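Colleague: Have a peek at work_23.cif (mmCIF, C-alpha atoms and all ligand atoms).
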```cif
data_work
#
loop_
_atom_site.label_atom_id
_atom_site.label_comp_id
_atom_site.auth_asym_id
_atom_site.auth_seq_id
_atom_site.Cartn_x
_atom_site.Cartn_y
_atom_site.Cartn_z
CA MET O 1 -156.66 -21.88 136.57
CA ASN O 2 -156.97 -20.76 132.97
CA LYS O 3 -158.62 -23.16 130.60
CA PRO O 4 -156.08 -24.34 128.04
CA LEU O 5 -156.44 -22.93 124.53
CA ILE O 6 -156.40 -25.47 121.69
CA LEU O 7 -156.05 -24.55 118.02
CA VAL O 8 -158.15 -26.93 115.89
CA VAL O 9 -157.04 -27.08 112.27
CA GLU O 10 -159.54 -29.16 110.27
CA ASP O 11 -161.34 -28.48 106.99
CA ASP O 12 -163.98 -31.20 107.37
CA PRO O 13 -167.00 -29.66 109.23
CA PRO O 14 -168.33 -32.88 110.88
CA VAL O 15 -164.91 -33.78 112.27
CA ARG O 16 -164.30 -30.18 113.33
CA ASN O 17 -167.66 -30.12 115.14
CA LEU O 18 -166.91 -33.37 116.92
CA ILE O 19 -163.61 -31.96 118.14
CA THR O 20 -164.93 -28.56 119.20
CA THR O 21 -167.94 -30.09 120.97
CA THR O 22 -165.60 -32.41 122.85
CA LEU O 23 -163.35 -29.51 123.80
CA ARG O 24 -166.24 -27.31 124.91
CA THR O 25 -167.78 -29.98 127.13
CA ASN O 26 -164.39 -30.74 128.68
CA ASP O 27 -163.41 -27.28 129.76
CA TYR O 28 -161.04 -26.36 126.97
CA ARG O 29 -161.04 -23.11 125.03
CA TYR O 30 -160.45 -23.40 121.31
CA LEU O 31 -159.81 -21.56 118.08
CA VAL O 32 -160.62 -23.05 114.69
CA ALA O 33 -158.94 -22.82 111.32
CA ALA O 34 -160.26 -24.53 108.17
CA ASN O 35 -157.13 -24.01 106.10
CA GLY O 36 -153.39 -23.70 106.45
CA GLU O 37 -153.12 -19.97 106.04
CA THR O 38 -155.59 -19.29 108.86
CA ALA O 39 -153.88 -21.94 110.98
CA LEU O 40 -150.51 -20.20 110.75
CA LEU O 41 -152.09 -16.84 111.48
CA GLU O 42 -153.98 -18.13 114.55
CA ALA O 43 -150.96 -20.06 115.82
CA SER O 44 -148.72 -17.02 115.65
CA SER O 45 -151.19 -14.46 116.99
CA HIS O 46 -152.98 -16.37 119.79
CA ASN O 47 -150.25 -18.52 121.27
CA PRO O 48 -152.33 -21.70 121.74
CA GLU O 49 -151.16 -24.34 124.18
CA ILE O 50 -151.66 -27.27 121.78
CA VAL O 51 -152.40 -27.56 118.04
CA LEU O 52 -154.63 -30.34 116.68
CA LEU O 53 -153.70 -30.49 113.03
CA ASP O 54 -155.39 -32.30 110.15
CA LEU O 55 -152.77 -33.25 107.55
CA GLY O 56 -154.99 -32.95 104.48
CA LEU O 57 -155.97 -29.30 104.08
CA PRO O 58 -157.27 -27.52 100.97
CA ASP O 59 -154.48 -24.97 100.57
CA MET O 60 -151.41 -26.49 102.21
CA ASP O 61 -149.99 -29.82 103.30
CA GLY O 62 -150.15 -30.19 107.08
CA VAL O 63 -146.48 -31.15 107.13
CA GLU O 64 -145.61 -27.76 105.67
CA ILE O 65 -147.54 -26.11 108.52
CA ILE O 66 -145.54 -28.12 111.07
CA ARG O 67 -142.25 -27.04 109.45
CA LYS O 68 -143.34 -23.40 109.47
CA ILE O 69 -144.48 -23.46 113.11
CA ARG O 70 -141.26 -25.20 114.14
CA THR O 71 -139.19 -22.29 112.83
CA TRP O 72 -140.50 -20.16 115.71
CA SER O 73 -142.23 -22.38 118.26
CA ASN O 74 -142.02 -25.69 120.12
CA LEU O 75 -145.71 -25.76 120.97
CA PRO O 76 -147.09 -29.33 120.95
CA ILE O 77 -148.65 -30.42 117.67
CA ILE O 78 -150.90 -33.47 117.55
CA VAL O 79 -151.48 -34.57 113.98
CA ILE O 80 -154.91 -35.86 113.00
CA SER O 81 -154.94 -37.79 109.78
CA ALA O 82 -157.49 -39.68 107.74
CA ARG O 83 -154.58 -41.25 105.98
CA SER O 84 -153.62 -44.35 107.85
CA GLU O 85 -150.39 -44.76 105.89
CA ASP O 86 -147.36 -44.75 108.11
CA THR O 87 -145.38 -42.54 105.72
CA ASP O 88 -147.60 -39.53 106.42
CA LYS O 89 -147.35 -39.93 110.17
CA ILE O 90 -143.61 -40.42 109.91
CA GLU O 91 -143.17 -37.35 107.73
CA ALA O 92 -145.22 -35.29 110.19
CA LEU O 93 -143.28 -36.59 113.21
CA ASP O 94 -139.95 -35.97 111.50
CA ALA O 95 -141.11 -32.45 110.70
CA GLY O 96 -141.63 -31.89 114.43
CA ALA O 97 -145.11 -33.15 115.35
CA ASP O 98 -145.34 -34.60 118.87
CA ASP O 99 -148.04 -37.20 118.51
CA TYR O 100 -150.71 -38.45 116.13
CA LEU O 101 -154.32 -39.62 116.01
CA THR O 102 -155.68 -41.63 113.11
CA LYS O 103 -159.24 -41.02 111.91
CA PRO O 104 -161.69 -42.32 112.89
CA PHE O 105 -160.79 -41.71 116.54
CA SER O 106 -162.96 -41.77 119.64
CA VAL O 107 -163.64 -38.81 121.91
CA GLU O 108 -161.89 -40.71 124.70
CA GLU O 109 -158.80 -41.15 122.55
CA LEU O 110 -158.71 -37.44 121.73
CA LEU O 111 -159.06 -36.45 125.38
CA ALA O 112 -156.40 -38.96 126.44
CA ARG O 113 -153.90 -37.50 123.95
CA LEU O 114 -154.65 -33.97 125.12
CA ARG O 115 -154.20 -34.93 128.76
CA ALA O 116 -150.93 -36.74 128.01
CA THR O 117 -149.64 -33.70 126.12
CA GLN O 118 -150.62 -31.36 128.94
CA ARG O 119 -148.88 -33.59 131.47
CA ARG O 120 -145.73 -33.53 129.34
CA LEU O 121 -145.99 -29.74 128.98
CA SER O 122 -146.30 -29.11 132.69
CA TYR O 123 -143.49 -31.58 133.36
CA MET O 124 -141.21 -29.87 130.82
CA ASN O 125 -142.05 -26.45 132.20
CA THR O 126 -141.18 -27.16 135.81
CA GLU O 127 -138.05 -25.28 136.73
CA SER O 128 -136.35 -28.29 138.27
CA VAL O 129 -136.59 -30.18 134.97
CA ALA O 130 -135.22 -27.33 132.90
CA SER O 131 -132.24 -26.77 135.14
CA SER O 132 -131.56 -30.37 136.14
CA SER O 133 -129.14 -32.71 134.45
CA VAL O 134 -130.86 -35.68 136.05
CA PHE O 135 -133.96 -37.26 134.54
CA VAL O 136 -136.29 -39.20 136.81
CA ASN O 137 -139.17 -41.30 135.52
CA GLY O 138 -140.74 -43.84 137.88
CA LYS O 139 -137.85 -46.05 139.03
CA LEU O 140 -135.60 -44.90 136.21
CA ARG O 141 -132.95 -42.27 136.77
CA VAL O 142 -130.66 -40.94 134.03
CA ASP O 143 -127.72 -38.74 134.97
CA TYR O 144 -126.87 -36.87 131.76
CA ALA O 145 -123.85 -35.13 133.27
CA GLY O 146 -122.47 -38.33 134.76
CA GLY O 147 -123.30 -40.43 131.71
CA CYS O 148 -124.99 -43.19 133.66
CA ALA O 149 -128.42 -44.56 134.51
CA TRP O 150 -130.06 -46.43 137.37
CA LEU O 151 -133.15 -48.55 137.75
CA ASP O 152 -134.57 -48.91 141.21
CA GLY O 153 -131.24 -47.82 142.71
CA GLN O 154 -129.19 -50.33 140.68
CA GLU O 155 -126.82 -48.95 138.07
CA LEU O 156 -127.69 -50.10 134.56
CA HIS O 157 -124.80 -51.51 132.58
CA LEU O 158 -125.50 -50.08 129.15
CA THR O 159 -123.45 -50.11 125.97
CA PRO O 160 -122.71 -46.63 124.54
CA ILE O 161 -125.46 -47.03 121.93
CA GLU O 162 -128.02 -48.27 124.47
CA TYR O 163 -127.20 -45.27 126.66
CA LYS O 164 -127.50 -42.89 123.72
CA LEU O 165 -130.89 -44.40 122.86
CA LEU O 166 -132.03 -44.04 126.45
CA CYS O 167 -130.96 -40.37 126.45
CA LEU O 168 -132.75 -39.61 123.18
CA LEU O 169 -135.95 -41.21 124.46
CA SER O 170 -135.83 -39.65 127.93
CA ARG O 171 -134.99 -36.16 126.67
CA ASN O 172 -138.10 -36.44 124.48
CA VAL O 173 -140.30 -38.19 127.03
CA GLY O 174 -143.91 -38.42 125.81
CA LYS O 175 -142.98 -37.79 122.22
CA VAL O 176 -143.01 -40.37 119.43
CA LEU O 177 -139.54 -40.56 117.88
CA THR O 178 -139.32 -42.06 114.39
CA HIS O 179 -136.82 -44.70 113.27
CA THR O 180 -135.22 -42.07 111.03
CA TYR O 181 -134.83 -39.59 113.88
CA LEU O 182 -133.23 -42.19 116.14
CA THR O 183 -130.84 -43.69 113.57
CA GLN O 184 -129.83 -40.21 112.36
CA ASN O 185 -128.98 -39.21 115.90
CA ILE O 186 -127.08 -42.40 116.64
CA TRP O 187 -125.27 -43.17 113.39
CA GLY O 188 -125.78 -39.97 111.38
CA ARG O 189 -127.69 -41.84 108.67
CA SER O 190 -130.80 -43.93 108.18
CA TRP O 191 -130.29 -46.96 106.02
CA ASP O 192 -132.45 -50.09 106.18
CA ASN O 193 -129.64 -51.85 108.03
CA ASP O 194 -129.59 -49.08 110.64
CA VAL O 195 -133.28 -49.53 111.38
CA ALA O 196 -132.66 -53.26 111.80
CA SER O 197 -129.75 -52.51 114.18
CA LEU O 198 -131.95 -50.05 116.05
CA ARG O 199 -134.44 -52.86 116.74
CA VAL O 200 -131.65 -55.02 118.13
CA PHE O 201 -130.32 -52.28 120.43
CA MET O 202 -133.85 -51.41 121.51
CA ALA O 203 -134.44 -55.05 122.43
CA THR O 204 -131.24 -55.24 124.51
CA LEU O 205 -132.00 -51.90 126.17
CA ARG O 206 -135.47 -53.11 127.06
CA LYS O 207 -134.13 -56.31 128.56
CA LYS O 208 -132.09 -54.19 130.98
CA LEU O 209 -134.72 -51.53 131.57
CA GLU O 210 -138.08 -53.22 131.64
CA PRO O 211 -138.96 -55.55 134.53
CA THR O 212 -141.22 -57.44 132.09
CA PRO O 213 -139.88 -56.80 128.56
CA ASP O 214 -142.97 -58.38 126.98
CA SER O 215 -145.25 -55.71 128.48
CA PRO O 216 -142.95 -52.67 128.50
CA GLN O 217 -143.62 -49.95 131.02
CA TYR O 218 -141.16 -47.31 129.82
CA ILE O 219 -140.73 -47.68 126.07
CA GLN O 220 -143.71 -47.98 123.78
CA THR O 221 -143.37 -49.41 120.26
CA HIS O 222 -145.19 -47.74 117.38
CA ILE O 223 -145.03 -50.43 114.73
CA GLY O 224 -143.61 -49.16 111.46
CA VAL O 225 -143.16 -45.66 112.98
CA GLY O 226 -140.83 -45.56 115.96
CA TYR O 227 -140.68 -45.50 119.76
CA ARG O 228 -141.82 -43.35 122.66
CA MET O 229 -140.77 -43.18 126.28
CA LEU O 230 -143.86 -42.94 128.46
CA LYS O 231 -144.00 -40.67 131.49
CA VAL O 232 -144.56 -43.17 134.30
CA GLU O 233 -146.85 -41.87 137.04
CA CA O 301 -158.95 -32.78 105.67
#
```
Could the structure of this file be written out as structure tokens, please?
Ligand code: CA
Modeller:
Amino acid sequence: MNKPLILVVEDDPPVRNLITTTLRTNDYRYLVAANGETALLEASSHNPEIVLLDLGLPDMDGVEIIRKIRTWSNLPIIVISARSEDTDKIEALDAGADDYLTKPFSVEELLARLRATQRRLSYMNTESVASSSVFVNGKLRVDYAGGCAWLDGQELHLTPIEYKLLCLLSRNVGKVLTHTYLTQNIWGRSWDNDVASLRVFMATLRKKLEPTPDSPQYIQTHIGVGYRMLKVE
């Protein structure tokens, strides 16, 4: 099997070295870019499998790079940011990033994110997923064509909004979806009230979906950011 190719976009040499050393010792191939212009060039000419993208670059905002890449590619982008502010992560996710890591991060954390992204990639690329209108994740089954869902063989009685939420999350399994993304897709707008309503619907959905709502198995909360459906093994 070919070793996956990762594009590392980071202007800070110590962080870049930590990442490339980790990749090298874990059987990944990599390309590096220390600024936005090189990043776009490498991304378009070498077709990497995953991009690790620092948001603070000398010549370009990382969010701008995400927007540019998204005009021609869906390749997974994991944002790496020194800025712990939620607004930066949210902006990056809304621009089309798949996941994020906040500096300082551990080598284990980096590898875990890469593995999760690869799992999602190979899941998305299987022919049965692309052509199927049924989503299966652990004991959860969503029939997009039929407009219904089951858990462990029992049909879930969901309100239209709960079902819509479940579809948005499952169609983007593994990806962090922001409050703005979810409310825009449900109500076509994102006011403060909508985010509050989203929390309520998420809570009722979880009550129906999660065997133990206090330690959710399917839907992960990213406080101040959004939600993600996990791919259950
Ligand atoms: Ca930087």
Colleague: Show me which residues line ligand CA 301 (chain O), defined as having an atom within 6 Å of a ligand atom where all atoms listed in the file count, and present them as a list in words.
Modeller: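 Counting only what the definition allows, namely all atoms listed in the file, the set is Glu10, Asp11, Asp12, Asp54, Gly56 and Leu57 of chain O.
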Colleague: Could you work out how far atom CA of O:Thr87 lies from atom CA of O:Thr38, giving the answer in Å with one decimal?
Modeller: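 Atom CA of O:Thr87 lies at a distance of 25.6 Å from atom CA of O:Thr38.
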Colleague: List the neighbours of stretch 149-161 of chain O out to 12 Å using all atoms listed in the file; skip same-chain residues closer than 6 positions along the sequence, and give me the result as a CSV table (one decimal) with C-alpha atoms, in the coordinates of the input.
Modeller:
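Generated output (around_3.csv):
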```csv
chain,number,residue,atom,x,y,z
O,133,SER,CA,-129.1,-32.7,134.4
O,134,VAL,CA,-130.9,-35.7,136.0
O,135,PHE,CA,-134.0,-37.3,134.5
O,136,VAL,CA,-136.3,-39.2,136.8
O,137,ASN,CA,-139.2,-41.3,135.5
O,138,GLY,CA,-140.7,-43.8,137.9
O,139,LYS,CA,-137.8,-46.0,139.0
O,140,LEU,CA,-135.6,-44.9,136.2
O,141,ARG,CA,-133.0,-42.3,136.8
O,142,VAL,CA,-130.7,-40.9,134.0
O,143,ASP,CA,-127.7,-38.7,135.0
O,167,CYS,CA,-131.0,-40.4,126.4
O,168,LEU,CA,-132.8,-39.6,123.2
O,170,SER,CA,-135.8,-39.6,127.9
O,182,LEU,CA,-133.2,-42.2,116.1
O,183,THR,CA,-130.8,-43.7,113.6
O,185,ASN,CA,-129.0,-39.2,115.9
O,186,ILE,CA,-127.1,-42.4,116.6
O,187,TRP,CA,-125.3,-43.2,113.4
O,197,SER,CA,-129.8,-52.5,114.2
O,198,LEU,CA,-132.0,-50.0,116.0
O,199,ARG,CA,-134.4,-52.9,116.7
O,200,VAL,CA,-131.6,-55.0,118.1
O,201,PHE,CA,-130.3,-52.3,120.4
O,202,MET,CA,-133.8,-51.4,121.5
O,204,THR,CA,-131.2,-55.2,124.5
O,205,LEU,CA,-132.0,-51.9,126.2
O,206,ARG,CA,-135.5,-53.1,127.1
O,207,LYS,CA,-134.1,-56.3,128.6
O,208,LYS,CA,-132.1,-54.2,131.0
O,209,LEU,CA,-134.7,-51.5,131.6
O,210,GLU,CA,-138.1,-53.2,131.6
O,211,PRO,CA,-139.0,-55.6,134.5
O,218,TYR,CA,-141.2,-47.3,129.8
```
Colleague: Kindly indicate which residue among O:Leu177, O:Ala145, O:Val63, O:Leu52 lies nearest to O:Leu101, using only C-alpha atoms for the distances.
Modeller: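 For O:Leu101, the nearest of the candidates is O:Leu52.
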Colleague: Hey, can you check how far atom CA of O:Glu162 sits from atom CA of O:Asp94?
Modeller: 21.5 Å
Colleague: So which residues are close to (-139.3, -37.1, 123.8), meaning at most 10 Å away in the file's coordinates with all atoms listed in the file counted, and can you show them as a list in words?
Modeller: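 Result, sorted by chain then residue number: Asp98, Arg120, Cys167, Leu168, Leu169, Ser170, Arg171, Asn172, Val173, Gly174, Lys175, Val176, Leu177, Tyr227, Arg228, Met229, Leu230 and Lys231 of chain O.
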Colleague: Which value, in Å to one decimal, gives the distance between atom CA of O:Asn35 and atom CA of O:Glu108?
Modeller: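 Going from atom CA of O:Asn35 over to atom CA of O:Glu108 covers 25.4 Å.
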Colleague: Could you list, as a PyMOL selection string, every residue within 8 Å of O:Leu7, counting all atoms listed in the file and ignoring same-chain residues fewer than 5 positions away?
Modeller: chain O and resi 30-33+39+42-43+48-52
Colleague: In the coordinate frame of the file, compute which residues have an atom within 9 Å of (-153.8, -24.0, 100.5) when using all atoms listed in the file, and state them as a PDB file with C-alpha atoms, keeping the file's coordinate frame.
Modeller:
```pdb
ATOM      1  CA  ASN O  35    -157.130 -24.010 106.100  1.00  0.00           C
ATOM      2  CA  GLY O  36    -153.390 -23.700 106.450  1.00  0.00           C
ATOM      3  CA  GLU O  37    -153.120 -19.970 106.040  1.00  0.00           C
ATOM      4  CA  LEU O  57    -155.970 -29.300 104.080  1.00  0.00           C
ATOM      5  CA  PRO O  58    -157.270 -27.520 100.970  1.00  0.00           C
ATOM      6  CA  ASP O  59    -154.480 -24.970 100.570  1.00  0.00           C
ATOM      7  CA  MET O  60    -151.410 -26.490 102.210  1.00  0.00           C
ATOM      8  CA  ASP O  61    -149.990 -29.820 103.300  1.00  0.00           C
TER       9      ASP O  61
END
```
Colleague: Between O:Ser81, O:Asp88, O:Asp192, O:Lys68, which has the minimum distance to O:Thr102 (counting only C-alpha atoms)?
Modeller: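 Comparing O:Ser81, O:Asp88, O:Asp192, O:Lys68 against O:Thr102, the winner is O:Ser81.
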Colleague: Find the axis-aligned box for stretch 200-215 of chain O, covering all its listed atoms and adding 3 Å on each side, and write its centre and edge lengths in Å to one decimal as AutoDock Vina command-line options.
Modeller:
```
--center_x -137.8 --center_y -54.9 --center_z 126.3 --size_x 20.9 --size_y 13.0 --size_z 22.4
```
Colleague: Find the spatial neighbours of O:Ser84, counting only C-alpha atoms, within a cut-off of 12 Å - ignore same-chain residues fewer than 5 positions away - and output them as a ChimeraX atom specification.
Modeller: /O:55-56,79,89-90,100-105,224-225
